[in-house]
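Chemist: For reference, the file protein-v8.pdb (PDB, C-alpha atoms and all ligand atoms) is included below:
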```
ATOM      1  CA  MET A   1      65.913  51.902 127.379
ATOM      2  CA  THR A   2      67.502  50.458 124.218
ATOM      3  CA  SER A   3      70.817  48.829 125.030
ATOM      4  CA  ILE A   4      73.614  48.957 122.508
ATOM      5  CA  ALA A   5      76.764  46.843 122.397
ATOM      6  CA  PHE A   6      79.625  48.816 120.843
ATOM      7  CA  ILE A   7      82.605  46.769 119.632
ATOM      8  CA  GLY A   8      85.723  48.707 118.569
ATOM      9  CA  LEU A   9      86.271  51.853 120.656
ATOM     10  CA  GLY A  10      89.153  53.331 118.631
ATOM     11  CA  ASN A  11      89.591  56.775 117.069
ATOM     12  CA  MET A  12      86.115  56.651 115.545
ATOM     13  CA  GLY A  13      84.240  54.193 117.750
ATOM     14  CA  LEU A  14      84.797  55.930 121.089
ATOM     15  CA  PRO A  15      83.417  59.352 120.083
ATOM     16  CA  MET A  16      80.526  57.619 118.287
ATOM     17  CA  ALA A  17      79.733  55.698 121.474
ATOM     18  CA  PHE A  18      79.881  58.965 123.454
ATOM     19  CA  ASN A  19      77.155  60.384 121.199
ATOM     20  CA  LEU A  20      74.984  57.317 121.803
ATOM     21  CA  LEU A  21      75.406  57.874 125.549
ATOM     22  CA  LYS A  22      74.450  61.543 125.158
ATOM     23  CA  ALA A  23      71.294  60.388 123.359
ATOM     24  CA  ASN A  24      70.419  58.309 126.447
ATOM     25  CA  PHE A  25      71.156  54.863 125.059
ATOM     26  CA  ASP A  26      72.601  52.300 127.437
ATOM     27  CA  VAL A  27      76.014  51.465 125.916
ATOM     28  CA  PHE A  28      77.994  48.286 126.621
ATOM     29  CA  GLY A  29      81.434  48.716 125.057
ATOM     30  CA  THR A  30      84.334  46.393 124.409
ATOM     31  CA  ASP A  31      87.751  46.733 122.766
ATOM     32  CA  LEU A  32      91.026  44.814 122.778
ATOM     33  CA  ASN A  33      92.528  47.895 124.425
ATOM     34  CA  PRO A  34      91.268  48.212 128.042
ATOM     35  CA  ASP A  35      92.213  51.932 128.152
ATOM     36  CA  PHE A  36      89.506  52.687 125.585
ATOM     37  CA  VAL A  37      86.968  50.659 127.549
ATOM     38  CA  ALA A  38      87.898  52.687 130.660
ATOM     39  CA  LYS A  39      87.247  55.931 128.763
ATOM     40  CA  LEU A  40      83.762  54.727 127.866
ATOM     41  CA  MET A  41      83.110  53.929 131.525
ATOM     42  CA  GLU A  42      84.277  57.413 132.566
ATOM     43  CA  ALA A  43      81.639  58.816 130.223
ATOM     44  CA  GLY A  44      78.869  56.716 131.760
ATOM     45  CA  GLY A  45      78.984  53.565 129.608
ATOM     46  CA  HIS A  46      79.380  49.959 130.760
ATOM     47  CA  GLY A  47      82.820  48.445 130.169
ATOM     48  CA  CYS A  48      82.813  44.804 129.073
ATOM     49  CA  PRO A  49      85.777  42.411 129.062
ATOM     50  CA  SER A  50      84.526  40.362 126.087
ATOM     51  CA  ILE A  51      82.229  40.404 123.078
ATOM     52  CA  LYS A  52      79.959  37.985 124.921
ATOM     53  CA  ASP A  53      79.551  40.355 127.883
ATOM     54  CA  ALA A  54      78.816  43.301 125.622
ATOM     55  CA  VAL A  55      76.374  41.526 123.342
ATOM     56  CA  VAL A  56      74.418  39.134 125.489
ATOM     57  CA  LYS A  57      71.584  41.501 126.488
ATOM     58  CA  ALA A  58      71.920  44.060 123.698
ATOM     59  CA  ASP A  59      69.074  45.104 121.415
ATOM     60  CA  VAL A  60      71.564  46.497 118.892
ATOM     61  CA  VAL A  61      75.224  45.722 118.149
ATOM     62  CA  VAL A  62      77.407  48.382 116.502
ATOM     63  CA  THR A  63      80.880  47.459 115.243
ATOM     64  CA  MET A  64      83.641  49.916 114.252
ATOM     65  CA  LEU A  65      86.650  47.769 113.354
ATOM     66  CA  PRO A  66      89.740  47.981 111.148
ATOM     67  CA  SER A  67      89.216  45.299 108.454
ATOM     68  CA  GLY A  68      86.942  42.735 106.809
ATOM     69  CA  THR A  69      88.850  39.824 108.332
ATOM     70  CA  ILE A  70      88.365  41.245 111.832
ATOM     71  CA  VAL A  71      84.683  42.004 111.201
ATOM     72  CA  LYS A  72      84.096  38.416 109.994
ATOM     73  CA  ASN A  73      85.889  37.069 113.028
ATOM     74  CA  VAL A  74      83.991  39.293 115.467
ATOM     75  CA  TYR A  75      80.590  38.232 114.060
ATOM     76  CA  LEU A  76      81.193  34.640 112.913
ATOM     77  CA  GLY A  77      84.147  33.495 115.046
ATOM     78  CA  GLU A  78      84.172  31.510 118.236
ATOM     79  CA  GLY A  79      82.895  33.621 121.132
ATOM     80  CA  GLY A  80      81.622  36.116 118.570
ATOM     81  CA  VAL A  81      78.455  38.142 118.097
ATOM     82  CA  PHE A  82      76.335  35.451 116.397
ATOM     83  CA  GLU A  83      77.067  33.008 119.189
ATOM     84  CA  HIS A  84      75.834  35.317 121.936
ATOM     85  CA  ALA A  85      73.269  37.761 120.496
ATOM     86  CA  LYS A  86      69.664  37.265 121.566
ATOM     87  CA  ALA A  87      66.994  36.730 118.905
ATOM     88  CA  GLY A  88      65.900  39.931 117.183
ATOM     89  CA  THR A  89      69.132  41.862 117.785
ATOM     90  CA  LEU A  90      69.960  44.395 115.058
ATOM     91  CA  PHE A  91      73.561  44.478 113.758
ATOM     92  CA  ILE A  92      75.170  47.652 112.377
ATOM     93  CA  ASP A  93      78.686  47.404 110.984
ATOM     94  CA  SER A  94      80.129  50.891 110.466
ATOM     95  CA  SER A  95      83.677  49.732 109.674
ATOM     96  CA  THR A  96      85.034  50.389 106.188
ATOM     97  CA  ILE A  97      85.575  46.913 104.724
ATOM     98  CA  ASP A  98      85.454  45.085 101.390
ATOM     99  CA  VAL A  99      82.053  44.610  99.788
ATOM    100  CA  ALA A 100      82.406  40.805  99.622
ATOM    101  CA  SER A 101      83.021  40.445 103.384
ATOM    102  CA  ALA A 102      80.137  42.823 104.167
ATOM    103  CA  ARG A 103      77.783  40.700 102.017
ATOM    104  CA  GLU A 104      79.088  37.460 103.525
ATOM    105  CA  VAL A 105      78.428  38.597 107.108
ATOM    106  CA  ALA A 106      75.014  40.064 106.160
ATOM    107  CA  ALA A 107      74.002  36.773 104.495
ATOM    108  CA  ALA A 108      75.122  34.808 107.566
ATOM    109  CA  ALA A 109      73.055  37.168 109.752
ATOM    110  CA  ALA A 110      69.982  36.738 107.518
ATOM    111  CA  GLU A 111      70.345  32.914 107.637
ATOM    112  CA  ARG A 112      70.137  33.164 111.428
ATOM    113  CA  GLY A 113      67.108  35.482 111.277
ATOM    114  CA  PHE A 114      68.932  38.717 112.241
ATOM    115  CA  ASP A 115      68.579  42.136 110.567
ATOM    116  CA  MET A 116      71.909  43.671 109.604
ATOM    117  CA  VAL A 117      73.158  46.759 107.784
ATOM    118  CA  ASP A 118      76.583  47.833 106.599
ATOM    119  CA  ALA A 119      76.816  51.534 107.454
ATOM    120  CA  PRO A 120      80.295  52.896 106.683
ATOM    121  CA  VAL A 121      80.868  56.574 107.345
ATOM    122  CA  SER A 122      82.536  59.625 105.980
ATOM    123  CA  GLY A 123      83.423  62.625 108.103
ATOM    124  CA  GLY A 124      86.439  61.298 110.020
ATOM    125  CA  VAL A 125      87.218  61.771 113.701
ATOM    126  CA  THR A 126      85.907  65.347 113.681
ATOM    127  CA  GLY A 127      82.547  64.197 112.352
ATOM    128  CA  ALA A 128      82.516  61.299 114.830
ATOM    129  CA  ALA A 129      83.064  63.700 117.738
ATOM    130  CA  ALA A 130      80.523  66.245 116.486
ATOM    131  CA  GLY A 131      77.880  63.632 115.622
ATOM    132  CA  THR A 132      77.859  64.818 112.023
ATOM    133  CA  LEU A 133      78.990  61.689 110.175
ATOM    134  CA  ALA A 134      77.458  60.702 106.840
ATOM    135  CA  PHE A 135      76.263  57.091 106.889
ATOM    136  CA  MET A 136      75.948  55.104 103.653
ATOM    137  CA  VAL A 137      73.697  52.181 104.498
ATOM    138  CA  GLY A 138      73.227  48.815 102.782
ATOM    139  CA  GLY A 139      70.530  46.318 103.776
ATOM    140  CA  THR A 140      66.796  45.650 103.604
ATOM    141  CA  VAL A 141      64.291  48.466 104.122
ATOM    142  CA  THR A 142      63.273  46.861 107.433
ATOM    143  CA  ALA A 143      66.876  46.768 108.654
ATOM    144  CA  PHE A 144      67.475  50.357 107.469
ATOM    145  CA  ASP A 145      64.332  51.617 109.243
ATOM    146  CA  ARG A 146      65.473  49.948 112.471
ATOM    147  CA  ALA A 147      69.045  51.286 112.129
ATOM    148  CA  ALA A 148      68.191  54.924 111.309
ATOM    149  CA  PRO A 149      67.207  56.028 114.872
ATOM    150  CA  ILE A 150      70.414  54.472 116.243
ATOM    151  CA  LEU A 151      72.586  56.185 113.627
ATOM    152  CA  ASP A 152      70.789  59.518 114.039
ATOM    153  CA  PRO A 153      72.687  60.797 117.148
ATOM    154  CA  MET A 154      75.999  59.936 115.458
ATOM    155  CA  GLY A 155      75.293  61.414 112.042
ATOM    156  CA  ALA A 156      74.021  64.371 110.067
ATOM    157  CA  LYS A 157      73.151  62.387 106.942
ATOM    158  CA  ILE A 158      71.859  58.817 106.647
ATOM    159  CA  VAL A 159      71.330  57.445 103.144
ATOM    160  CA  HIS A 160      69.903  54.066 102.188
ATOM    161  CA  ALA A 161      72.084  52.843  99.311
ATOM    162  CA  GLY A 162      70.193  49.598  98.609
ATOM    163  CA  GLN A 163      70.964  45.954  99.321
ATOM    164  CA  ALA A 164      73.549  44.580 101.767
ATOM    165  CA  GLY A 165      77.069  45.686 100.832
ATOM    166  CA  ASN A 166      75.846  48.769  98.956
ATOM    167  CA  GLY A 167      76.933  51.079 101.781
ATOM    168  CA  GLN A 168      80.499  49.832 101.342
ATOM    169  CA  ALA A 169      80.142  50.062  97.546
ATOM    170  CA  ALA A 170      79.025  53.723  97.779
ATOM    171  CA  LYS A 171      81.868  54.567 100.142
ATOM    172  CA  ILE A 172      84.645  53.168  97.931
ATOM    173  CA  CYS A 173      83.176  54.663  94.746
ATOM    174  CA  ASN A 174      83.012  58.092  96.420
ATOM    175  CA  ASN A 175      86.528  57.869  97.805
ATOM    176  CA  MET A 176      88.011  56.645  94.523
ATOM    177  CA  LEU A 177      86.463  59.697  92.835
ATOM    178  CA  LEU A 178      87.753  61.942  95.634
ATOM    179  CA  ALA A 179      91.320  60.592  95.282
ATOM    180  CA  ILE A 180      91.291  61.122  91.515
ATOM    181  CA  SER A 181      89.849  64.625  91.776
ATOM    182  CA  MET A 182      92.310  65.602  94.528
ATOM    183  CA  ILE A 183      95.297  64.483  92.456
ATOM    184  CA  GLY A 184      93.898  66.380  89.442
ATOM    185  CA  THR A 185      93.385  69.520  91.534
ATOM    186  CA  CYS A 186      96.969  69.328  92.840
ATOM    187  CA  GLU A 187      98.303  68.864  89.299
ATOM    188  CA  ALA A 188      96.386  71.946  88.114
ATOM    189  CA  PHE A 189      97.880  74.140  90.876
ATOM    190  CA  ASN A 190     101.335  72.683  90.280
ATOM    191  CA  LEU A 191     101.147  73.436  86.538
ATOM    192  CA  GLY A 192      99.635  76.876  87.197
ATOM    193  CA  ARG A 193     102.546  77.810  89.467
ATOM    194  CA  LYS A 194     105.072  76.689  86.854
ATOM    195  CA  LEU A 195     103.285  78.914  84.330
ATOM    196  CA  GLY A 196     103.341  81.922  86.646
ATOM    197  CA  LEU A 197      99.699  81.824  87.818
ATOM    198  CA  GLU A 198      98.964  82.833  91.402
ATOM    199  CA  ASP A 199      97.135  80.157  93.422
ATOM    200  CA  GLN A 200      94.312  82.544  94.396
ATOM    201  CA  ILE A 201      93.738  83.663  90.807
ATOM    202  CA  LEU A 202      93.626  80.086  89.527
ATOM    203  CA  PHE A 203      91.243  79.243  92.402
ATOM    204  CA  ASP A 204      88.938  82.199  91.613
ATOM    205  CA  ILE A 205      88.748  81.232  87.953
ATOM    206  CA  THR A 206      88.490  77.440  88.361
ATOM    207  CA  SER A 207      86.006  77.514  91.228
ATOM    208  CA  ALA A 208      83.589  79.374  88.942
ATOM    209  CA  ALA A 209      84.388  77.261  85.884
ATOM    210  CA  SER A 210      84.119  73.664  84.716
ATOM    211  CA  GLY A 211      87.072  72.467  86.813
ATOM    212  CA  GLN A 212      85.115  73.113  90.028
ATOM    213  CA  SER A 213      84.997  70.260  92.564
ATOM    214  CA  TRP A 214      84.787  69.572  96.313
ATOM    215  CA  SER A 215      88.564  68.992  96.344
ATOM    216  CA  LEU A 216      88.995  72.547  95.102
ATOM    217  CA  THR A 217      86.307  74.563  96.900
ATOM    218  CA  SER A 218      85.996  72.736 100.245
ATOM    219  CA  TYR A 219      89.414  71.176 100.694
ATOM    220  CA  CYS A 220      91.734  73.275  98.540
ATOM    221  CA  PRO A 221      95.207  71.647  98.451
ATOM    222  CA  VAL A 222      97.116  74.959  98.486
ATOM    223  CA  PRO A 223      97.196  77.387 101.441
ATOM    224  CA  GLY A 224      95.055  80.514 101.195
ATOM    225  CA  PRO A 225      91.847  80.132  99.213
ATOM    226  CA  VAL A 226      90.002  77.859 101.709
ATOM    227  CA  PRO A 227      91.325  78.776 105.183
ATOM    228  CA  THR A 228      89.980  75.602 106.862
ATOM    229  CA  SER A 229      91.716  73.137 104.530
ATOM    230  CA  PRO A 230      94.689  71.080 105.863
ATOM    231  CA  ALA A 231      96.995  72.838 103.356
ATOM    232  CA  ASN A 232      96.884  75.820 105.749
ATOM    233  CA  ASN A 233      98.158  73.609 108.555
ATOM    234  CA  ASP A 234     101.111  72.031 106.743
ATOM    235  CA  TYR A 235      98.901  69.134 105.570
ATOM    236  CA  LYS A 236      98.348  67.710 109.020
ATOM    237  CA  ALA A 237      95.493  65.226 108.654
ATOM    238  CA  GLY A 238      92.544  65.740 108.021
ATOM    239  CA  PHE A 239      92.109  62.523 106.170
ATOM    240  CA  ALA A 240      95.380  60.651 106.357
ATOM    241  CA  THR A 241      97.023  59.250 103.232
ATOM    242  CA  ALA A 242      97.114  55.771 104.838
ATOM    243  CA  LEU A 243      93.314  55.807 105.230
ATOM    244  CA  MET A 244      92.787  57.013 101.660
ATOM    245  CA  LEU A 245      95.090  54.233 100.491
ATOM    246  CA  LYS A 246      93.060  51.662 102.437
ATOM    247  CA  ASP A 247      89.883  52.791 100.636
ATOM    248  CA  LEU A 248      91.617  52.809  97.236
ATOM    249  CA  ARG A 249      92.867  49.266  97.801
ATOM    250  CA  LEU A 250      89.317  48.177  98.654
ATOM    251  CA  ALA A 251      88.056  49.954  95.527
ATOM    252  CA  MET A 252      90.639  48.267  93.285
ATOM    253  CA  GLU A 253      89.892  44.873  94.853
ATOM    254  CA  ALA A 254      86.201  45.442  94.066
ATOM    255  CA  SER A 255      87.070  46.584  90.518
ATOM    256  CA  GLU A 256      88.920  43.356  89.932
ATOM    257  CA  THR A 257      86.222  41.057  91.309
ATOM    258  CA  SER A 258      83.413  42.920  89.529
ATOM    259  CA  GLY A 259      85.297  43.369  86.233
ATOM    260  CA  ALA A 260      84.928  47.192  86.313
ATOM    261  CA  ASN A 261      87.449  49.176  84.291
ATOM    262  CA  THR A 262      89.010  51.841  86.578
ATOM    263  CA  PRO A 263      92.409  52.877  85.168
ATOM    264  CA  LEU A 264      92.545  56.250  86.961
ATOM    265  CA  GLY A 265      91.561  54.604  90.250
ATOM    266  CA  GLU A 266      94.484  52.211  89.786
ATOM    267  CA  HIS A 267      96.832  55.108  89.044
ATOM    268  CA  ALA A 268      95.591  57.031  92.089
ATOM    269  CA  LYS A 269      96.237  53.953  94.234
ATOM    270  CA  ASP A 270      99.825  53.765  92.876
ATOM    271  CA  ILE A 271     100.430  57.472  93.663
ATOM    272  CA  TYR A 272      99.117  57.133  97.229
ATOM    273  CA  THR A 273     101.109  53.895  97.665
ATOM    274  CA  THR A 274     104.301  55.791  96.778
ATOM    275  CA  MET A 275     103.454  58.588  99.222
ATOM    276  CA  ASN A 276     102.672  56.069 101.961
ATOM    277  CA  ASP A 277     105.791  53.960 101.270
ATOM    278  CA  GLN A 278     107.942  57.083 101.512
ATOM    279  CA  GLY A 279     106.808  57.404 105.140
ATOM    280  CA  HIS A 280     104.046  59.979 104.667
ATOM    281  CA  GLY A 281     101.026  57.848 105.580
ATOM    282  CA  GLY A 282     100.096  60.312 108.340
ATOM    283  CA  VAL A 283     100.108  63.349 106.030
ATOM    284  CA  ASP A 284      96.726  64.574 104.781
ATOM    285  CA  PHE A 285      95.789  63.123 101.381
ATOM    286  CA  SER A 286      95.898  66.622  99.842
ATOM    287  CA  GLY A 287      99.650  66.528 100.599
ATOM    288  CA  ILE A 288     100.013  65.164  97.037
ATOM    289  CA  MET A 289     100.600  68.873  96.352
ATOM    290  CA  LYS A 290     103.910  68.677  98.229
ATOM    291  CA  MET A 291     104.835  65.434  96.495
ATOM    292  CA  LEU A 292     104.333  67.096  93.098
ATOM    293  CA  ASP A 293     106.415  70.168  93.909
ATOM    294  CA  GLY A 294     109.113  68.039  95.540
ATOM    295  CA  SER A 295     108.788  69.550  99.032
ATOM    296  CA  LEU A 296     107.500  66.432 100.822
TER     297      LEU A 296
HETATM  298  P1  LIG B   1      91.161  52.326 115.138
HETATM  299  O1  LIG B   1      92.247  51.388 114.775
HETATM  300  O2  LIG B   1      91.468  53.580 115.885
HETATM  301  O3  LIG B   1      90.028  51.541 115.986
HETATM  302  C1  LIG B   1      89.684  50.198 115.785
HETATM  303  C2  LIG B   1      89.510  49.588 117.159
HETATM  304  O4  LIG B   1      89.057  48.245 117.015
HETATM  305  C3  LIG B   1      90.819  49.530 117.957
HETATM  306  O5  LIG B   1      90.659  50.234 119.184
HETATM  307  C4  LIG B   1      91.049  48.040 118.188
HETATM  308  O6  LIG B   1      91.630  47.733 119.437
HETATM  309  C5  LIG B   1      89.630  47.503 118.084
HETATM  310  N1  LIG B   1      89.575  46.071 117.765
HETATM  311  C6  LIG B   1      90.237  45.398 116.799
HETATM  312  N2  LIG B   1      89.910  44.085 116.838
HETATM  313  C7  LIG B   1      89.000  43.938 117.833
HETATM  314  C8  LIG B   1      88.307  42.840 118.366
HETATM  315  N3  LIG B   1      88.471  41.624 117.876
HETATM  316  N4  LIG B   1      87.468  43.045 119.411
HETATM  317  C9  LIG B   1      87.307  44.288 119.949
HETATM  318  N5  LIG B   1      87.948  45.379 119.483
HETATM  319  C10 LIG B   1      88.784  45.202 118.438
HETATM  320  O7  LIG B   1      90.408  52.658 113.760
HETATM  321  P2  LIG B   1      89.414  53.879 113.471
HETATM  322  O8  LIG B   1      90.187  55.036 112.947
HETATM  323  O9  LIG B   1      88.504  54.047 114.638
HETATM  324  O10 LIG B   1      88.585  53.285 112.233
HETATM  325  C11 LIG B   1      87.592  52.296 112.415
HETATM  326  C12 LIG B   1      86.956  52.027 111.061
HETATM  327  O11 LIG B   1      86.405  53.235 110.555
HETATM  328  C13 LIG B   1      87.943  51.531 110.000
HETATM  329  O12 LIG B   1      87.316  50.545 109.223
HETATM  330  C14 LIG B   1      88.269  52.782 109.201
HETATM  331  O13 LIG B   1      88.640  52.490 107.868
HETATM  332  C15 LIG B   1      86.924  53.503 109.258
HETATM  333  N6  LIG B   1      87.026  54.954 109.099
HETATM  334  C16 LIG B   1      87.979  55.664 109.769
HETATM  335  C17 LIG B   1      88.040  57.048 109.587
HETATM  336  C18 LIG B   1      89.055  57.883 110.336
HETATM  337  O14 LIG B   1      89.187  59.069 110.003
HETATM  338  N7  LIG B   1      89.764  57.341 111.316
HETATM  339  C19 LIG B   1      87.139  57.691 108.717
HETATM  340  C20 LIG B   1      86.160  56.940 108.080
HETATM  341  C21 LIG B   1      86.106  55.566 108.261
END
```
For this file, produce the structure as structure tokens.
Ligand code: NAD
Modeler:
Amino acid sequence: MTSIAFIGLGNMGLPMAFNLLKANFDVFGTDLNPDFVAKLMEAGGHGCPSIKDAVVKADVVVTMLPSGTIVKNVYLGEGGVFEHAKAGTLFIDSSTIDVASAREVAAAAAERGFDMVDAPVSGGVTGAAAGTLAFMVGGTVTAFDRAAPILDPMGAKIVHAGQAGNGQAAKICNNMLLAISMIGTCEAFNLGRKLGLEDQILFDITSAASGQSWSLTSYCPVPGPVPTSPANNDYKAGFATALMLKDLRLAMEASETSGANTPLGEHAKDIYTTMNDQGHGGVDFSGIMKMLDGSL
């Protein structure tokens, strides 16, 4: 049986690890929070007190951690993954982190003869629980081919985006576009209301016209037209503003280092920073609608 070390059993990591258990992998989990490790054990996994204990016999290591600094530390630091993994272990980092850190860790893995992919996800905690995440994967073809059967029980879509770091690049490009299109969609409804247009009528026209987008037809930021969207539940996340802001910051950092011109991405980051700083980091990112009409 393939044994998998899972490091980072938080909101996303724990349900992902549950799906690996359901697919009959042997899972050795660790987290700074012992309560999360206990939950893995209740579900049939092995709880480990340290990275060393989780990794030492693993065939695959999956990490689901908050930031690039933490990911670097977990792989490269003292007592970390590189120190204790056996030869041939495959590394999968599913955290959302900056492209530069992802490439740095992947290069360090390659120097030591390990295969590694960055495999950030979209789909949130619901997708993690349902095993329907979308994985955007960066790394060699060999590493991708090894990673795909491990990602399969956790995801509905697994796309190879190219070289190491390209998974992270795809994720931040997508989310920058999503932030911009969501703000635009909210502005259109806000203007429409001021001009006396009913939300449903504007939706019916726009969804069949050139303003159509995922933000409008799958995640409509006003209540009514798309009953499953967070707007119908007073903008309870969903995809929290604080998480969108994290991705926009990563995107703007990458814009700066790569020299890409992204003025609307920068503006979107400023708008989400304001919303977050006003104490609304937990509100769904489509809650921009309430910010525009002054009801937030
Ligand atoms: P989280 O904060 O709930 O979980 C992270 C876990 O990592 C925590 O339980 C923490 O204790 C653990 N951790 C931190 N440092 C550690 C260390 N050194 N050793 C062991 N464990 C350590 O975060 P999350 O919501 O699960 O998100 C994880 C990653 O997934 C982030 O990069 C996030 O941006 C990304 N992501 C989250 C969502 C979402 O909806 N929550 C969606 C897509 C992507």
Chemist: Enumerate, in order of chain and increasing residue number, the residues of chain A with an atom no farther than 7 Å from ligand LIG 1 (chain B), each with its shortest atom pair and distance in Å to one decimal, counting only C-alpha atoms and all ligand atoms, as a tab-separated table.
Modeler:
```
residue	atom	partner	partner_atom	distance
A:Ile7	CA	B:LIG1	C9	5.3
A:Gly8	CA	B:LIG1	O4	3.7
A:Leu9	CA	B:LIG1	O5	4.9
A:Gly10	CA	B:LIG1	O3	3.3
A:Asn11	CA	B:LIG1	O9	3.8
A:Met12	CA	B:LIG1	O9	3.6
A:Gly13	CA	B:LIG1	O9	5.3
A:Thr30	CA	B:LIG1	C9	5.8
A:Asp31	CA	B:LIG1	N5	3.6
A:Leu32	CA	B:LIG1	O6	4.5
A:Asn33	CA	B:LIG1	O6	5.1
A:Phe36	CA	B:LIG1	O5	7.0
A:Ile51	CA	B:LIG1	N4	6.9
A:Met64	CA	B:LIG1	C11	5.0
A:Leu65	CA	B:LIG1	O4	4.4
A:Pro66	CA	B:LIG1	O12	4.0
A:Ser67	CA	B:LIG1	O12	5.6
A:Ile70	CA	B:LIG1	N2	6.0
A:Val74	CA	B:LIG1	N3	5.6
A:Ser94	CA	B:LIG1	O11	6.7
A:Ser95	CA	B:LIG1	O12	3.8
A:Thr96	CA	B:LIG1	O12	3.8
A:Ile97	CA	B:LIG1	O12	6.0
A:Pro120	CA	B:LIG1	C21	6.6
A:Val121	CA	B:LIG1	C20	5.4
A:Ser122	CA	B:LIG1	C20	5.0
A:Gly123	CA	B:LIG1	C19	6.2
A:Gly124	CA	B:LIG1	O14	3.5
A:Val125	CA	B:LIG1	O14	5.0
A:Phe239	CA	B:LIG1	O14	5.9
A:Leu243	CA	B:LIG1	O13	6.3
```
Chemist: Please determine the residues with any atom at most 12 Å from (83.3, 58.3, 130.9) (coordinates as given in the file, with all atoms listed in the file counting) and report them as a list in words.
Modeler: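 So the residues meeting the distance criterion are Leu14, Pro15, Ala17, Phe18, Asn19, Leu21, Lys22, Val27, Gly29, Asp35, Phe36, Val37, Ala38, Lys39, Leu40, Met41, Glu42, Ala43, Gly44, Gly45, His46 and Gly47 of chain A.
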Chemist: Atom CA of A:Thr132 to atom CA of A:Val117: how many Å, to one decimal?
Modeler: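 These atoms are spaced 19.1 Å apart.
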Chemist: So how far away is atom CA of A:Leu177 from atom CA of A:Tyr272, in Å?
Modeler: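 Result for atom CA of A:Tyr272 versus atom CA of A:Leu177: 13.6 Å, one decimal.
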Chemist: Run the PyMOL selection byres (((chain A and resi 87) around 12) and not hetatm) on the file and write out the hits as a PDB file with C-alpha atoms, in the coordinates of the input.
Modeler:
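Result file part11.pdb:
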```pdb
ATOM      1  CA  VAL A  55      76.374  41.526 123.342  1.00  0.00           C
ATOM      2  CA  VAL A  56      74.418  39.134 125.489  1.00  0.00           C
ATOM      3  CA  LYS A  57      71.584  41.501 126.488  1.00  0.00           C
ATOM      4  CA  ALA A  58      71.920  44.060 123.698  1.00  0.00           C
ATOM      5  CA  ASP A  59      69.074  45.104 121.415  1.00  0.00           C
ATOM      6  CA  VAL A  60      71.564  46.497 118.892  1.00  0.00           C
ATOM      7  CA  VAL A  81      78.455  38.142 118.097  1.00  0.00           C
ATOM      8  CA  PHE A  82      76.335  35.451 116.397  1.00  0.00           C
ATOM      9  CA  GLU A  83      77.067  33.008 119.189  1.00  0.00           C
ATOM     10  CA  HIS A  84      75.834  35.317 121.936  1.00  0.00           C
ATOM     11  CA  ALA A  85      73.269  37.761 120.496  1.00  0.00           C
ATOM     12  CA  LYS A  86      69.664  37.265 121.566  1.00  0.00           C
ATOM     13  CA  GLY A  88      65.900  39.931 117.183  1.00  0.00           C
ATOM     14  CA  THR A  89      69.132  41.862 117.785  1.00  0.00           C
ATOM     15  CA  LEU A  90      69.960  44.395 115.058  1.00  0.00           C
ATOM     16  CA  PHE A  91      73.561  44.478 113.758  1.00  0.00           C
ATOM     17  CA  ALA A 109      73.055  37.168 109.752  1.00  0.00           C
ATOM     18  CA  ALA A 110      69.982  36.738 107.518  1.00  0.00           C
ATOM     19  CA  ARG A 112      70.137  33.164 111.428  1.00  0.00           C
ATOM     20  CA  GLY A 113      67.108  35.482 111.277  1.00  0.00           C
ATOM     21  CA  PHE A 114      68.932  38.717 112.241  1.00  0.00           C
ATOM     22  CA  ASP A 115      68.579  42.136 110.567  1.00  0.00           C
TER      23      ASP A 115
END
```
Chemist: Padding of 4 Å on every side, edges along x, y and z, all listed atoms of stretch 247-259 of chain A included: what centre and edge lengths in Å, to one decimal, does that box have, as lines of an AutoDock Vina configuration file?
Modeler:
```
center_x = 88.1
center_y = 46.9
center_z = 93.4
size_x = 17.5
size_y = 19.8
size_z = 22.4
```
Chemist: Looking at only C-alpha atoms, which of A:Ile271, A:Ala161, A:Ala5, A:Leu248 is the one that sits closest to A:Met289?
Modeler: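 Smallest distance to A:Met289 is found for A:Ile271.
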Chemist: Nearest residue to A:His267 out of A:Gly184, A:Pro149, A:Gly192, A:Gly287, using all atoms listed in the file?
Modeler: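 Closest to A:His267, using all atoms listed in the file: A:Gly184.
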Chemist: Nearest residue to A:Ala240 out of A:Asp284, A:Asp26, A:Asp118, A:Glu111, using only C-alpha atoms?
Modeler: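 For A:Ala240, the nearest of the given residues is A:Asp284.
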Chemist: Just how far from atom CA of A:Leu216 is atom CA of A:Ser286, in Å to one decimal?
Modeler: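 It comes out at 10.3 Å.
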Chemist: Tell me, as a ChimeraX atom specification, which residues lie within 7 Å of stretch 173-176 of chain A, counting all atoms listed in the file; anything in the same chain fewer than 4 positions away does not count.
Modeler: /A:169,180,247-248,251,265
Chemist: Of the candidates A:Asn24, A:Ala156, A:Lys171, A:Leu151, which shows the shortest atom-to-atom distance to A:Ala130, using all atoms listed in the file?
Modeler: A:Ala156
